[in-house]
Amino acid sequence: MARIALPDAPAVVAGHGHAAIVTADGELLLLSAAEAATRLHSLPPPILVHAPATFRRLGLRGMPAFDLLELFAFALPARPAAPTPRGLALMLDFESPAGGLEVEAALLPELAAALLHRLSLGREIAVNRDAAGLAARMGEAGWGWAPFVAAALGRPDAAPSNEALRVWKRLPEWEDTAPLPPPSAHPVGETEARARLASMLGPHAEQRPGQADYAGAAAAAFAPRETRGDPHLVLAEAGTGTGKTLGYLAPASVWAEKNHGSVWISTFTRHLQRQIDTELTHLFPDPTERHKRVVVRKGRENYLCLLNLEDALGAAASGLGPASIIPLGLIARWALVTADGDIQGGDLPGWLAELFGVATVFGLADRRGECIHAACPHWRRCFVEHTIRRARSAQLVVANHALVMTQAAWGGLDDSTVPTRYVFDEGHHVFDAADGAFSAELSGLETAELRRWLLGAEGGRSRARGLQRRIEELVAARPLLEAPLEAALQAARALPAPGWSGRLAIERPDLDGLGTGKPNPTEALLRLIRHQVFARIGGDPRAAPGGEVPYGALECDVFPIGPGVDEAAVRLARAMARIAEPLGTLCERLLARLDEEADDMDGATRNRIEAAARSLNRRALNPLSAWRGMLRALSEPRPDPGGGTRPDHILFLRVQRASDGSRDVDVGLHRHWLDPTIPFAATLVAPAQGLLVTSATLRDSGDADPETAWASAEARVGAPHLPSPAIRAAVASPFDYTTQTRAFIVTDVVTGNIPQLAAAYRALFIAAGGGALGLFTAIRRLRAVHARIAPELEVAGIPLYAQHVDAMGNATLVDIFRTEEESCLLGTDAMRDGVDVPGRALRLVVFEKVPWARPDILHRERRIHLSEGNPKAYDDRIARLRLRQAFGRLIRRATDRGVFVLLDRQTPSRLLSAFPSGVVIRRVGLAEVVRQTREFLCDSLPA
Ligand code: SF4
């Protein structure tokens with residue numbers, strides 16, 4: 001390796017309560033966190049990995065540093081790496097460092113040298129054409145790595161240049177193609193599906209008969225529809241390890257090919273979208289071919305908006321946050337090589353937002369619906385527009401449940417395309433996803449967001465444009481359009497003004513925060529809602545006088561309605577009508593231009609008008625219509641609550657408080673469908689031709705009667721709302737759970753006692769030697785346990801990471817956990833479902849408590865009305881499905897071995913059927929569980 005210049009700097013790695021520093025002279029210092037923090041103040045800025053996480057562990061507020069992650073993002077843009085010394089070492093083909101913090105600290109300069117060396121080798125490649133000038137520009141903004149990067153690129157004297165920041169100039173343009181004709185409707189035979197699966201797996205693959213059976217059964221979802229409104233719905237349960245992703249990709253890809261159509265594969269989260277995309281390498285090993293045939297489709301708020309990037313660069317250049325040139329420079333590097341411009345869960349490392357702030361990075365997406373479409377100078381290079389066009393001709397579109405439900409409800413996302421064939425993976429989440437997609441909330445955050453969308457930023461440093469600026473070219477000098485726009489913008493002042501959340505606790509309804517003295521009707525209602533919630537949550541010990549301040553979600557029923565709420569609702573409904581009516585007129589008159597000027601209107605203007613009308617409907621008219629309906633419901637006569645009437649909707653009030661109880665985050669009126677599969681079936685399922693809904697956990701194993709188990713699985717995806725019955729299929733897991741697993745319920749730990757709970761986690765994690773996932777039902781207990789066990793685990797050589805504690809997002813935490821086999825991870829719901837960590841990296845799952853459903857108002861109503869008269873069985877079913885999901889994290893491959901521990905000694909035996917057959921559950925004391933865990937997992941260590 002050519003000689004590489006490095007900063008004359010110490011290297012630091014922080015643990016829990018202590019740290020290792022290797023000075024520039026090579027002296028090793030092992031210090032307490034406080035001593036290390038003091039020492040660092042007298043040393044040059046250190047080399048480290050993940051500055052926010054390191055400084056948080058040292059109790060520092062932040063200081064200059066050479067963060068290796070920034071250098072990594074510059075040198076290897078759009079490449080993944082777990083943000084730890086070990087993660088970077090693995091990515092750079094180093095031997096995995098064995099040893100403690102001191103070994104890792106000593107490694108950091110070597111990692112820096114390796115990254116700079118890679119840059120020096122790539123001096124001539126296209127992406128590095130302006131890299132030295134960019135580094136120098138970032139150096140002007142304070143980037144410490146700048147001179148070392150410029151030297152590695154062979155241009156130590158490079159002048160600062162803005163050229164590489166203007167990345168839009170170097171991106172390719174999309175080209176329009178003719179609209180595709182509708183797909184044909186040839187069926188997929190079982191044999192064809194099996195044959196496609198075999199070709200994807202290759203001749204040397206392990207034989208899994210269940211997988212081929214599953215692929216054959218899934219083919220039924222691709223039969224031609226016989227009656228309008230009556231699609232083929234296949235429910236297919238595939239036990240863990242079946243290989244269901246390739247199993248359904250086989251018939252889906254055959255259908256898409258034969259019929260020249262698209263199949264939309266929907267999963268629950270963005271992270272799972274990435275996993276499916278990875279599996280598609282079996283189908284399309286050639287990346288160019290894959291890019292053509294497969295699109296990962298997300299909402300437009302996930303993609304880098306080049307106009308926002310240009311605005312942000314302009315703001316930085318004019319002196320507003322000049323240091324933001326550093327993250328913008330790294331994002332510009334990434335934008336040149338990214339697969340699709342997805343900045344949330346795509347190939348932009350998730351830790352970049354942790355380093356520079358969520359607002360700095362994710363704020364570059366079109367999160368607020370402010371896109372100006374064809375009026376944008378970057379429209380033809382826009383990542384969103386590229387993705388929309390690719391999705392139109394792709395064979396397989398990988399999306400998520402929330403997106404496809406929104407698409408169905410709107411009749412298309414950015415055009416009128418609505419799929420006819422779907423695969424819903426993680427089908428057990430359909431009910432919850434539909435609950436979110438078809439609910440409505442009239443809250444402070446939502447209504448203030450609409451005001452901002454209409455009026456733009458009012459004061460402050462925000463760059464947000466209002467509606468007037470976004471559509472001014474479409475309405476200018478047209479009084480028939482200008483008049484309703486002006487009226488709507490005037491009326492929008494009835495929505496909450498900036499600073500609204502701080503005013504709701506003030507009992508001065510005459511204030512609107514802008515000094516006009518006029519009451520703001522939205523704030524007036526929100527203030528009364530807040531008052532009613534605090535009045536009704538009596539009995540909650542968190543709200544007791546002198547007790548702990550209220551935090552989290554506080555809810556109460558709407559009825560009986562509090563004093564003044566109905567009158568305030570009527571006033572607000574009138575105010576909202578004054579916004580909606582002129583906006584509706586504006587929308588109609590804009591669309592009328594399409595007809596009136598059809599002969600001489602250019603394509604770009606047509607596109608802009610259509611996009612503006614879509615935005616007006618989705619961003620303003622639809623929510624205003626839903627809110628007005630909710631407000632009307634407050635003054636309508638209520639049916640007798642004791643009459644047993646089954647409502648269509650559930651209304652409730654909620655105050656969302658910060659987790660430390662320091663402030664209100666949001667206040668609002670919420671409306672959910674009692675059964676959200678009704679709108680799901682009506683808007684998405686019935687218009688489709690065929691759907692496959694699949695999961696490892698569709699049926700509740702607690703139902704002794706198989707028919708009851710299938711019926712409840714069908715009810716959770718809306719099958720009873722269709723004319724024909726669903727087609728059922730099930731394939732058992734191929735794993736030998738008796739041999740591969742141990743499962744325990746601990747009988748002598750009081751989970752409400754934090755010292756006991758922490759001691760149990762500590763002993764179990766140490767017995768497993770790491771590789772453990774600790775699951776909690778409450779964030780506060782997670783934090784308390786983390787604080788108690790992290791230092792001792794570290795002494796035992798087991799790094800501990802935690803959701804809600806470490807300055808890292810969930811995807812980053814899972815990446816680290818997967819990479820570092822000895823690490824442990826604490827988390828809540830998001831970690832329970834859908835985390836795929838095969839092998840030894842996950843060998844122990846410890847569950848703090850039975851995961852009962854949250855006992856809130858929604859659950860109360862659903863257990864009454866959707867439980868067929870047996871609310872207890874309804875609760876049990878939810879808990880069993882959650883336990884099955886959690887257990888499913890443990891064994892991902894035939895060679896995995898794992899231990900599952902429930903610390904809740906009150907776990908009812910009727911829940912134990914949640915576990916797959918072959919699992920033997922033992923109720924024993926903690927000491928015995930620790931002993932057996934150690935023995936079982938040590939036996940499984942590689943020789
Ligand atoms: S077309 Fe819209 S999303 Fe794309 S760069 Fe322009 S403003 Fe941003």
# chains A, B, ... in the order shown; residues from 1 in each chain; ligands from 1
call {"tool": "closest_atom_pairs", "arguments": {"of": "chain A", "to": "ligand 1", "cutoff": "7 Å", "atoms": "only C-alpha atoms and all ligand atoms", "output": "Markdown table"}}
result
| residue | atom | partner | partner_atom_place_in_ligand_line | distance |
| --- | --- | --- | --- | --- |
| A:Cys305 | CA | ligand 1 | 8 (Fe) | 3.8 |
| A:Leu306 | CA | ligand 1 | 5 (S) | 4.1 |
| A:Leu307 | CA | ligand 1 | 5 (S) | 4.6 |
| A:Asn308 | CA | ligand 1 | 8 (Fe) | 6.2 |
| A:Asp366 | CA | ligand 1 | 3 (S) | 5.7 |
| A:Glu370 | CA | ligand 1 | 7 (S) | 6.9 |
| A:Cys371 | CA | ligand 1 | 2 (Fe) | 3.8 |
| A:Ile372 | CA | ligand 1 | 7 (S) | 5.0 |
| A:His373 | CA | ligand 1 | 1 (S) | 4.3 |
| A:Ala374 | CA | ligand 1 | 1 (S) | 6.4 |
| A:Cys376 | CA | ligand 1 | 6 (Fe) | 4.6 |
| A:Pro377 | CA | ligand 1 | 6 (Fe) | 6.7 |
| A:His378 | CA | ligand 1 | 6 (Fe) | 5.2 |
| A:Trp379 | CA | ligand 1 | 1 (S) | 4.1 |
| A:Cys382 | CA | ligand 1 | 4 (Fe) | 4.3 |
| A:Phe383 | CA | ligand 1 | 4 (Fe) | 6.4 |
| A:Val384 | CA | ligand 1 | 4 (Fe) | 5.9 |
| A:Glu385 | CA | ligand 1 | 4 (Fe) | 6.6 |
call {"tool": "residues_around", "arguments": {"residues": "Asp875 of chain A", "least_positions_apart": "4", "cutoff": "9 Å", "atoms": "only C-alpha atoms", "output": "list of chain:residue names"}}
result
A:Trp852, A:Ala853, A:Arg863, A:Ser867, A:Pro871, A:Ala879, A:Arg880
call {"tool": "write_last_selection", "arguments": {"atoms": "N, CA and C atoms", "output": "mmCIF file, in the first residue's frame"}}
result
data_model
loop_
_atom_site.group_PDB
_atom_site.id
_atom_site.type_symbol
_atom_site.label_atom_id
_atom_site.label_comp_id
_atom_site.auth_asym_id
_atom_site.auth_seq_id
_atom_site.Cartn_x
_atom_site.Cartn_y
_atom_site.Cartn_z
ATOM 1 N N TRP A 852 -49.482 -9.233 25.509
ATOM 2 C CA TRP A 852 -50.922 -8.971 25.356
ATOM 3 C C TRP A 852 -51.133 -7.736 24.497
ATOM 4 N N ALA A 853 -52.303 -7.631 23.886
ATOM 5 C CA ALA A 853 -52.630 -6.407 23.144
ATOM 6 C C ALA A 853 -52.698 -5.229 24.105
ATOM 7 N N ARG A 863 -62.505 -6.212 20.911
ATOM 8 C CA ARG A 863 -62.670 -7.485 21.631
ATOM 9 C C ARG A 863 -64.142 -7.716 21.985
ATOM 10 N N SER A 867 -65.146 -10.496 18.518
ATOM 11 C CA SER A 867 -64.654 -11.714 19.175
ATOM 12 C C SER A 867 -65.675 -12.845 19.159
ATOM 13 N N PRO A 871 -64.437 -12.499 24.247
ATOM 14 C CA PRO A 871 -63.318 -11.538 24.271
ATOM 15 C C PRO A 871 -62.017 -12.145 24.782
ATOM 16 N N ALA A 879 -52.162 -12.650 21.547
ATOM 17 C CA ALA A 879 -50.911 -12.933 22.286
ATOM 18 C C ALA A 879 -50.195 -14.138 21.687
ATOM 19 N N ARG A 880 -50.974 -15.183 21.323
ATOM 20 C CA ARG A 880 -50.333 -16.382 20.749
ATOM 21 C C ARG A 880 -49.658 -16.060 19.409
#
call {"tool": "closest_residue", "arguments": {"among": "A:His428, A:Arg297, A:Arg762, A:Arg392", "to": "Ser695 of chain A", "atoms": "only C-alpha atoms"}}
result
A:His428
call {"tool": "closest_atom_pairs", "arguments": {"of": "segment 449-510 of chain A", "to": "segment 658-682 of chain A", "cutoff": "9 Å", "atoms": "only C-alpha atoms", "output": "tab-separated table"}}
result
residue	atom	partner	partner_atom	distance
A:Ser501	CA	A:Asp664	CA	6.6
A:Gly502	CA	A:Asp664	CA	7.8
A:Leu504	CA	A:Asp664	CA	8.7
A:Ala505	CA	A:Asp664	CA	8.8
call {"tool": "closest_residue", "arguments": {"among": "A:Asp157, A:Glu458, A:Thr420, A:Ala704", "to": "Arg228 of chain A", "atoms": "only C-alpha atoms"}}
result
A:Thr420
call {"tool": "residues_around", "arguments": {"residues": "segment 553-557 of chain A", "least_positions_apart": "4", "cutoff": "8 Å", "atoms": "only C-alpha atoms", "output": "list of chain:residue names"}}
result
A:Gln532, A:Val533, A:Arg536, A:Ile537, A:Leu651, A:Phe652, A:Leu653, A:Arg654, A:Val655, A:Gln656, A:Arg657, A:Asp856, A:Ile857
call {"tool": "residues_around", "arguments": {"residues": "segment 133-138 of chain A", "least_positions_apart": "4", "cutoff": "10 Å", "atoms": "only C-alpha atoms", "output": "CSV table (one decimal) with C-alpha atoms, in the first residue's frame"}}
result
chain,number,residue,atom,x,y,z
A,74,PHE,CA,-17.2,9.4,0.9
A,128,ASN,CA,-14.2,10.6,-8.5
A,129,ARG,CA,-13.9,13.1,-11.3
A,142,GLY,CA,-15.0,22.2,8.5
A,143,TRP,CA,-14.7,18.6,7.3
A,144,GLY,CA,-11.5,17.3,9.0
A,145,TRP,CA,-10.9,14.5,6.5
A,146,ALA,CA,-10.8,16.9,3.5
A,147,PRO,CA,-6.9,17.3,3.2
A,148,PHE,CA,-6.4,13.5,3.6
A,149,VAL,CA,-9.0,12.7,1.0
A,150,ALA,CA,-7.6,15.3,-1.5
A,153,LEU,CA,-6.9,11.4,-4.7
A,155,ARG,CA,-4.7,16.5,-5.7
A,156,PRO,CA,-3.6,17.8,-2.3
A,157,ASP,CA,-3.9,21.4,-3.6
A,158,ALA,CA,-7.4,21.0,-5.2
A,159,ALA,CA,-9.4,24.2,-5.1
A,160,PRO,CA,-12.9,24.0,-3.5
A,161,SER,CA,-15.5,23.3,-6.1
A,162,ASN,CA,-19.3,23.3,-6.0
A,163,GLU,CA,-19.5,21.4,-9.3
A,164,ALA,CA,-19.7,18.0,-7.7
A,165,LEU,CA,-22.5,19.2,-5.4
A,322,PRO,CA,-22.7,26.4,6.2
A,323,ALA,CA,-21.6,23.1,7.9
A,324,SER,CA,-24.5,21.3,6.2
A,325,ILE,CA,-22.2,21.2,3.1
A,326,ILE,CA,-20.6,18.2,4.8
A,327,PRO,CA,-23.7,15.9,4.7
A,328,LEU,CA,-24.8,17.4,1.4
A,329,GLY,CA,-21.5,16.5,-0.1
A,330,LEU,CA,-21.8,12.9,1.1
A,332,ALA,CA,-24.2,14.2,-3.6
A,333,ARG,CA,-21.5,11.4,-3.7
call {"tool": "select_by_dssp", "arguments": {"residues": "segment 346-536 of chain A", "states": "strand (DSSP E or B)", "output": "PDB file with all heavy atoms, in the first residue's frame"}}
result
ATOM      1  N   ALA A 365     -36.026  14.706   1.125  1.00  0.00           N
ATOM      2  CA  ALA A 365     -37.079  14.025   0.361  1.00  0.00           C
ATOM      3  C   ALA A 365     -38.285  14.959   0.275  1.00  0.00           C
ATOM      4  O   ALA A 365     -38.382  15.937   1.008  1.00  0.00           O
ATOM      5  CB  ALA A 365     -37.461  12.721   1.043  1.00  0.00           C
ATOM      6  N   LEU A 396     -42.049  -7.272 -11.671  1.00  0.00           N
ATOM      7  CA  LEU A 396     -42.309  -7.427 -10.234  1.00  0.00           C
ATOM      8  C   LEU A 396     -42.055  -6.093  -9.545  1.00  0.00           C
ATOM      9  O   LEU A 396     -40.995  -5.489  -9.728  1.00  0.00           O
ATOM     10  CB  LEU A 396     -41.386  -8.496  -9.641  1.00  0.00           C
ATOM     11  CG  LEU A 396     -41.543  -9.898 -10.245  1.00  0.00           C
ATOM     12  CD1 LEU A 396     -40.451 -10.814  -9.742  1.00  0.00           C
ATOM     13  CD2 LEU A 396     -42.915 -10.490  -9.905  1.00  0.00           C
ATOM     14  N   VAL A 397     -43.027  -5.631  -8.799  1.00  0.00           N
ATOM     15  CA  VAL A 397     -42.883  -4.389  -8.053  1.00  0.00           C
ATOM     16  C   VAL A 397     -42.944  -4.753  -6.571  1.00  0.00           C
ATOM     17  O   VAL A 397     -43.923  -5.345  -6.108  1.00  0.00           O
ATOM     18  CB  VAL A 397     -44.015  -3.391  -8.399  1.00  0.00           C
ATOM     19  CG1 VAL A 397     -43.822  -2.094  -7.629  1.00  0.00           C
ATOM     20  CG2 VAL A 397     -44.053  -3.123  -9.895  1.00  0.00           C
ATOM     21  N   VAL A 398     -41.875  -4.424  -5.857  1.00  0.00           N
ATOM     22  CA  VAL A 398     -41.820  -4.764  -4.429  1.00  0.00           C
ATOM     23  C   VAL A 398     -42.250  -3.532  -3.642  1.00  0.00           C
ATOM     24  O   VAL A 398     -41.562  -2.510  -3.655  1.00  0.00           O
ATOM     25  CB  VAL A 398     -40.398  -5.204  -4.023  1.00  0.00           C
ATOM     26  CG1 VAL A 398     -40.368  -5.600  -2.557  1.00  0.00           C
ATOM     27  CG2 VAL A 398     -39.920  -6.355  -4.905  1.00  0.00           C
ATOM     28  N   ALA A 399     -43.383  -3.620  -2.979  1.00  0.00           N
ATOM     29  CA  ALA A 399     -43.944  -2.454  -2.293  1.00  0.00           C
ATOM     30  C   ALA A 399     -44.230  -2.812  -0.836  1.00  0.00           C
ATOM     31  O   ALA A 399     -43.797  -3.861  -0.342  1.00  0.00           O
ATOM     32  CB  ALA A 399     -45.222  -2.017  -3.002  1.00  0.00           C
ATOM     33  N   ASN A 400     -44.924  -1.950  -0.145  1.00  0.00           N
ATOM     34  CA  ASN A 400     -45.308  -2.266   1.248  1.00  0.00           C
ATOM     35  C   ASN A 400     -46.812  -2.089   1.420  1.00  0.00           C
ATOM     36  O   ASN A 400     -47.473  -1.433   0.609  1.00  0.00           O
ATOM     37  CB  ASN A 400     -44.510  -1.422   2.250  1.00  0.00           C
ATOM     38  CG  ASN A 400     -44.666   0.057   2.012  1.00  0.00           C
ATOM     39  OD1 ASN A 400     -45.757   0.596   2.155  1.00  0.00           O
ATOM     40  ND2 ASN A 400     -43.591   0.719   1.607  1.00  0.00           N
ATOM     41  N   ARG A 421     -52.844  -7.965  -9.703  1.00  0.00           N
ATOM     42  CA  ARG A 421     -52.335  -9.177  -9.030  1.00  0.00           C
ATOM     43  C   ARG A 421     -51.419  -8.763  -7.884  1.00  0.00           C
ATOM     44  O   ARG A 421     -50.508  -7.962  -8.087  1.00  0.00           O
ATOM     45  CB  ARG A 421     -51.513 -10.023 -10.006  1.00  0.00           C
ATOM     46  CG  ARG A 421     -52.219 -10.353 -11.283  1.00  0.00           C
ATOM     47  CD  ARG A 421     -53.133 -11.537 -11.108  1.00  0.00           C
ATOM     48  NE  ARG A 421     -53.968 -11.722 -12.280  1.00  0.00           N
ATOM     49  CZ  ARG A 421     -54.834 -12.728 -12.405  1.00  0.00           C
ATOM     50  NH1 ARG A 421     -54.962 -13.621 -11.441  1.00  0.00           N
ATOM     51  NH2 ARG A 421     -55.567 -12.840 -13.478  1.00  0.00           N
ATOM     52  N   TYR A 422     -51.666  -9.353  -6.737  1.00  0.00           N
ATOM     53  CA  TYR A 422     -50.871  -8.995  -5.555  1.00  0.00           C
ATOM     54  C   TYR A 422     -50.379 -10.258  -4.850  1.00  0.00           C
ATOM     55  O   TYR A 422     -51.074 -11.284  -4.828  1.00  0.00           O
ATOM     56  CB  TYR A 422     -51.713  -8.272  -4.510  1.00  0.00           C
ATOM     57  CG  TYR A 422     -52.265  -6.922  -4.893  1.00  0.00           C
ATOM     58  CD1 TYR A 422     -53.533  -6.817  -5.450  1.00  0.00           C
ATOM     59  CD2 TYR A 422     -51.566  -5.748  -4.623  1.00  0.00           C
ATOM     60  CE1 TYR A 422     -54.074  -5.576  -5.754  1.00  0.00           C
ATOM     61  CE2 TYR A 422     -52.096  -4.506  -4.919  1.00  0.00           C
ATOM     62  CZ  TYR A 422     -53.361  -4.416  -5.490  1.00  0.00           C
ATOM     63  OH  TYR A 422     -53.890  -3.195  -5.771  1.00  0.00           O
ATOM     64  N   VAL A 423     -49.225 -10.105  -4.204  1.00  0.00           N
ATOM     65  CA  VAL A 423     -48.813 -11.063  -3.172  1.00  0.00           C
ATOM     66  C   VAL A 423     -48.641 -10.249  -1.894  1.00  0.00           C
ATOM     67  O   VAL A 423     -47.883  -9.276  -1.884  1.00  0.00           O
ATOM     68  CB  VAL A 423     -47.473 -11.746  -3.536  1.00  0.00           C
ATOM     69  CG1 VAL A 423     -46.998 -12.611  -2.368  1.00  0.00           C
ATOM     70  CG2 VAL A 423     -47.617 -12.577  -4.797  1.00  0.00           C
ATOM     71  N   PHE A 424     -49.351 -10.610  -0.854  1.00  0.00           N
ATOM     72  CA  PHE A 424     -49.162  -9.964   0.439  1.00  0.00           C
ATOM     73  C   PHE A 424     -48.328 -10.868   1.324  1.00  0.00           C
ATOM     74  O   PHE A 424     -48.829 -11.835   1.897  1.00  0.00           O
ATOM     75  CB  PHE A 424     -50.509  -9.678   1.128  1.00  0.00           C
ATOM     76  CG  PHE A 424     -51.129  -8.394   0.668  1.00  0.00           C
ATOM     77  CD1 PHE A 424     -51.927  -8.370  -0.453  1.00  0.00           C
ATOM     78  CD2 PHE A 424     -50.885  -7.212   1.343  1.00  0.00           C
ATOM     79  CE1 PHE A 424     -52.483  -7.182  -0.899  1.00  0.00           C
ATOM     80  CE2 PHE A 424     -51.430  -6.021   0.908  1.00  0.00           C
ATOM     81  CZ  PHE A 424     -52.240  -6.004  -0.222  1.00  0.00           C
ATOM     82  N   ALA A 440     -58.456   7.910  10.313  1.00  0.00           N
ATOM     83  CA  ALA A 440     -58.288   9.357  10.098  1.00  0.00           C
ATOM     84  C   ALA A 440     -58.039  10.016  11.435  1.00  0.00           C
ATOM     85  O   ALA A 440     -58.551   9.560  12.465  1.00  0.00           O
ATOM     86  CB  ALA A 440     -59.555   9.940   9.458  1.00  0.00           C
ATOM     87  N   GLU A 441     -57.238  11.064  11.429  1.00  0.00           N
ATOM     88  CA  GLU A 441     -57.042  11.795  12.675  1.00  0.00           C
ATOM     89  C   GLU A 441     -57.091  13.294  12.428  1.00  0.00           C
ATOM     90  O   GLU A 441     -56.445  13.795  11.511  1.00  0.00           O
ATOM     91  CB  GLU A 441     -55.753  11.381  13.389  1.00  0.00           C
ATOM     92  CG  GLU A 441     -54.482  11.677  12.690  1.00  0.00           C
ATOM     93  CD  GLU A 441     -53.272  11.065  13.414  1.00  0.00           C
ATOM     94  OE1 GLU A 441     -53.032   9.853  13.221  1.00  0.00           O
ATOM     95  OE2 GLU A 441     -52.609  11.784  14.146  1.00  0.00           O
ATOM     96  N   LEU A 442     -57.912  13.925  13.221  1.00  0.00           N
ATOM     97  CA  LEU A 442     -58.011  15.382  13.169  1.00  0.00           C
ATOM     98  C   LEU A 442     -57.177  15.860  14.344  1.00  0.00           C
ATOM     99  O   LEU A 442     -57.661  15.972  15.469  1.00  0.00           O
ATOM    100  CB  LEU A 442     -59.478  15.788  13.326  1.00  0.00           C
ATOM    101  CG  LEU A 442     -59.887  17.228  13.008  1.00  0.00           C
ATOM    102  CD1 LEU A 442     -61.388  17.374  13.149  1.00  0.00           C
ATOM    103  CD2 LEU A 442     -59.189  18.281  13.810  1.00  0.00           C
ATOM    104  N   SER A 443     -55.908  16.087  14.081  1.00  0.00           N
ATOM    105  CA  SER A 443     -55.018  16.383  15.199  1.00  0.00           C
ATOM    106  C   SER A 443     -54.266  17.672  14.925  1.00  0.00           C
ATOM    107  O   SER A 443     -54.281  18.201  13.806  1.00  0.00           O
ATOM    108  CB  SER A 443     -54.027  15.237  15.378  1.00  0.00           C
ATOM    109  OG  SER A 443     -53.095  15.251  14.324  1.00  0.00           O
TER     110      SER A 443
END
call {"tool": "closest_residue", "arguments": {"among": "A:Thr828, A:Ser42, A:Thr683, A:Thr895", "to": "Gln407 of chain A", "atoms": "only C-alpha atoms"}}
result
A:Thr683
call {"tool": "residues_around", "arguments": {"residues": "segment 170-181 of chain A", "least_positions_apart": "6", "cutoff": "7 Å", "atoms": "only C-alpha atoms", "output": "PDB file with all heavy atoms, in the first residue's frame"}}
result
ATOM      1  N   LEU A 336     -24.796   9.951  -7.086  1.00  0.00           N
ATOM      2  CA  LEU A 336     -24.204   9.575  -8.380  1.00  0.00           C
ATOM      3  C   LEU A 336     -24.241   8.076  -8.631  1.00  0.00           C
ATOM      4  O   LEU A 336     -24.212   7.645  -9.771  1.00  0.00           O
ATOM      5  CB  LEU A 336     -22.734  10.032  -8.434  1.00  0.00           C
ATOM      6  CG  LEU A 336     -22.483  11.485  -8.761  1.00  0.00           C
ATOM      7  CD1 LEU A 336     -20.985  11.734  -8.792  1.00  0.00           C
ATOM      8  CD2 LEU A 336     -23.104  11.850 -10.112  1.00  0.00           C
ATOM      9  N   ARG A 380     -36.858  15.884 -15.274  1.00  0.00           N
ATOM     10  CA  ARG A 380     -36.472  14.781 -16.168  1.00  0.00           C
ATOM     11  C   ARG A 380     -35.332  13.944 -15.609  1.00  0.00           C
ATOM     12  O   ARG A 380     -34.954  12.927 -16.180  1.00  0.00           O
ATOM     13  CB  ARG A 380     -36.110  15.315 -17.557  1.00  0.00           C
ATOM     14  CG  ARG A 380     -37.299  15.982 -18.243  1.00  0.00           C
ATOM     15  CD  ARG A 380     -37.079  16.097 -19.730  1.00  0.00           C
ATOM     16  NE  ARG A 380     -37.238  14.811 -20.397  1.00  0.00           N
ATOM     17  CZ  ARG A 380     -38.404  14.336 -20.861  1.00  0.00           C
ATOM     18  NH1 ARG A 380     -39.493  15.053 -20.725  1.00  0.00           N
ATOM     19  NH2 ARG A 380     -38.467  13.173 -21.456  1.00  0.00           N
ATOM     20  N   ARG A 381     -34.775  14.384 -14.485  1.00  0.00           N
ATOM     21  CA  ARG A 381     -33.732  13.566 -13.847  1.00  0.00           C
ATOM     22  C   ARG A 381     -34.189  13.089 -12.473  1.00  0.00           C
ATOM     23  O   ARG A 381     -33.441  12.436 -11.766  1.00  0.00           O
ATOM     24  CB  ARG A 381     -32.455  14.388 -13.692  1.00  0.00           C
ATOM     25  CG  ARG A 381     -31.788  14.727 -14.993  1.00  0.00           C
ATOM     26  CD  ARG A 381     -30.448  15.408 -14.766  1.00  0.00           C
ATOM     27  NE  ARG A 381     -29.625  15.360 -15.958  1.00  0.00           N
ATOM     28  CZ  ARG A 381     -29.662  16.264 -16.935  1.00  0.00           C
ATOM     29  NH1 ARG A 381     -30.485  17.286 -16.829  1.00  0.00           N
ATOM     30  NH2 ARG A 381     -28.892  16.155 -17.997  1.00  0.00           N
ATOM     31  N   HIS A 386     -38.225   8.726 -12.252  1.00  0.00           N
ATOM     32  CA  HIS A 386     -37.573   7.532 -12.803  1.00  0.00           C
ATOM     33  C   HIS A 386     -38.274   6.271 -12.287  1.00  0.00           C
ATOM     34  O   HIS A 386     -38.585   5.352 -13.046  1.00  0.00           O
ATOM     35  CB  HIS A 386     -36.107   7.470 -12.348  1.00  0.00           C
ATOM     36  CG  HIS A 386     -35.141   8.064 -13.315  1.00  0.00           C
ATOM     37  ND1 HIS A 386     -34.815   7.479 -14.506  1.00  0.00           N
ATOM     38  CD2 HIS A 386     -34.406   9.204 -13.262  1.00  0.00           C
ATOM     39  CE1 HIS A 386     -33.929   8.231 -15.145  1.00  0.00           C
ATOM     40  NE2 HIS A 386     -33.672   9.293 -14.407  1.00  0.00           N
TER      41      HIS A 386
END
call {"tool": "closest_residue", "arguments": {"among": "A:Asp425, A:Pro519, A:Pro484, A:Pro647", "to": "Arg589 of chain A", "atoms": "only C-alpha atoms"}}
result
A:Pro484
call {"tool": "select_by_dssp", "arguments": {"residues": "segment 137-244 of chain A", "states": "helix (DSSP H, G or I)", "output": "PyMOL selection string"}}
result
chain A and resi 137-140+146-152+163-165+167-170+190-201+209-222+244
call {"tool": "atom_distance", "arguments": {"atom1": "atom CA of Ala335 of chain A", "atom2": "atom CA of Phe55 of chain A"}}
result
28.9 Å
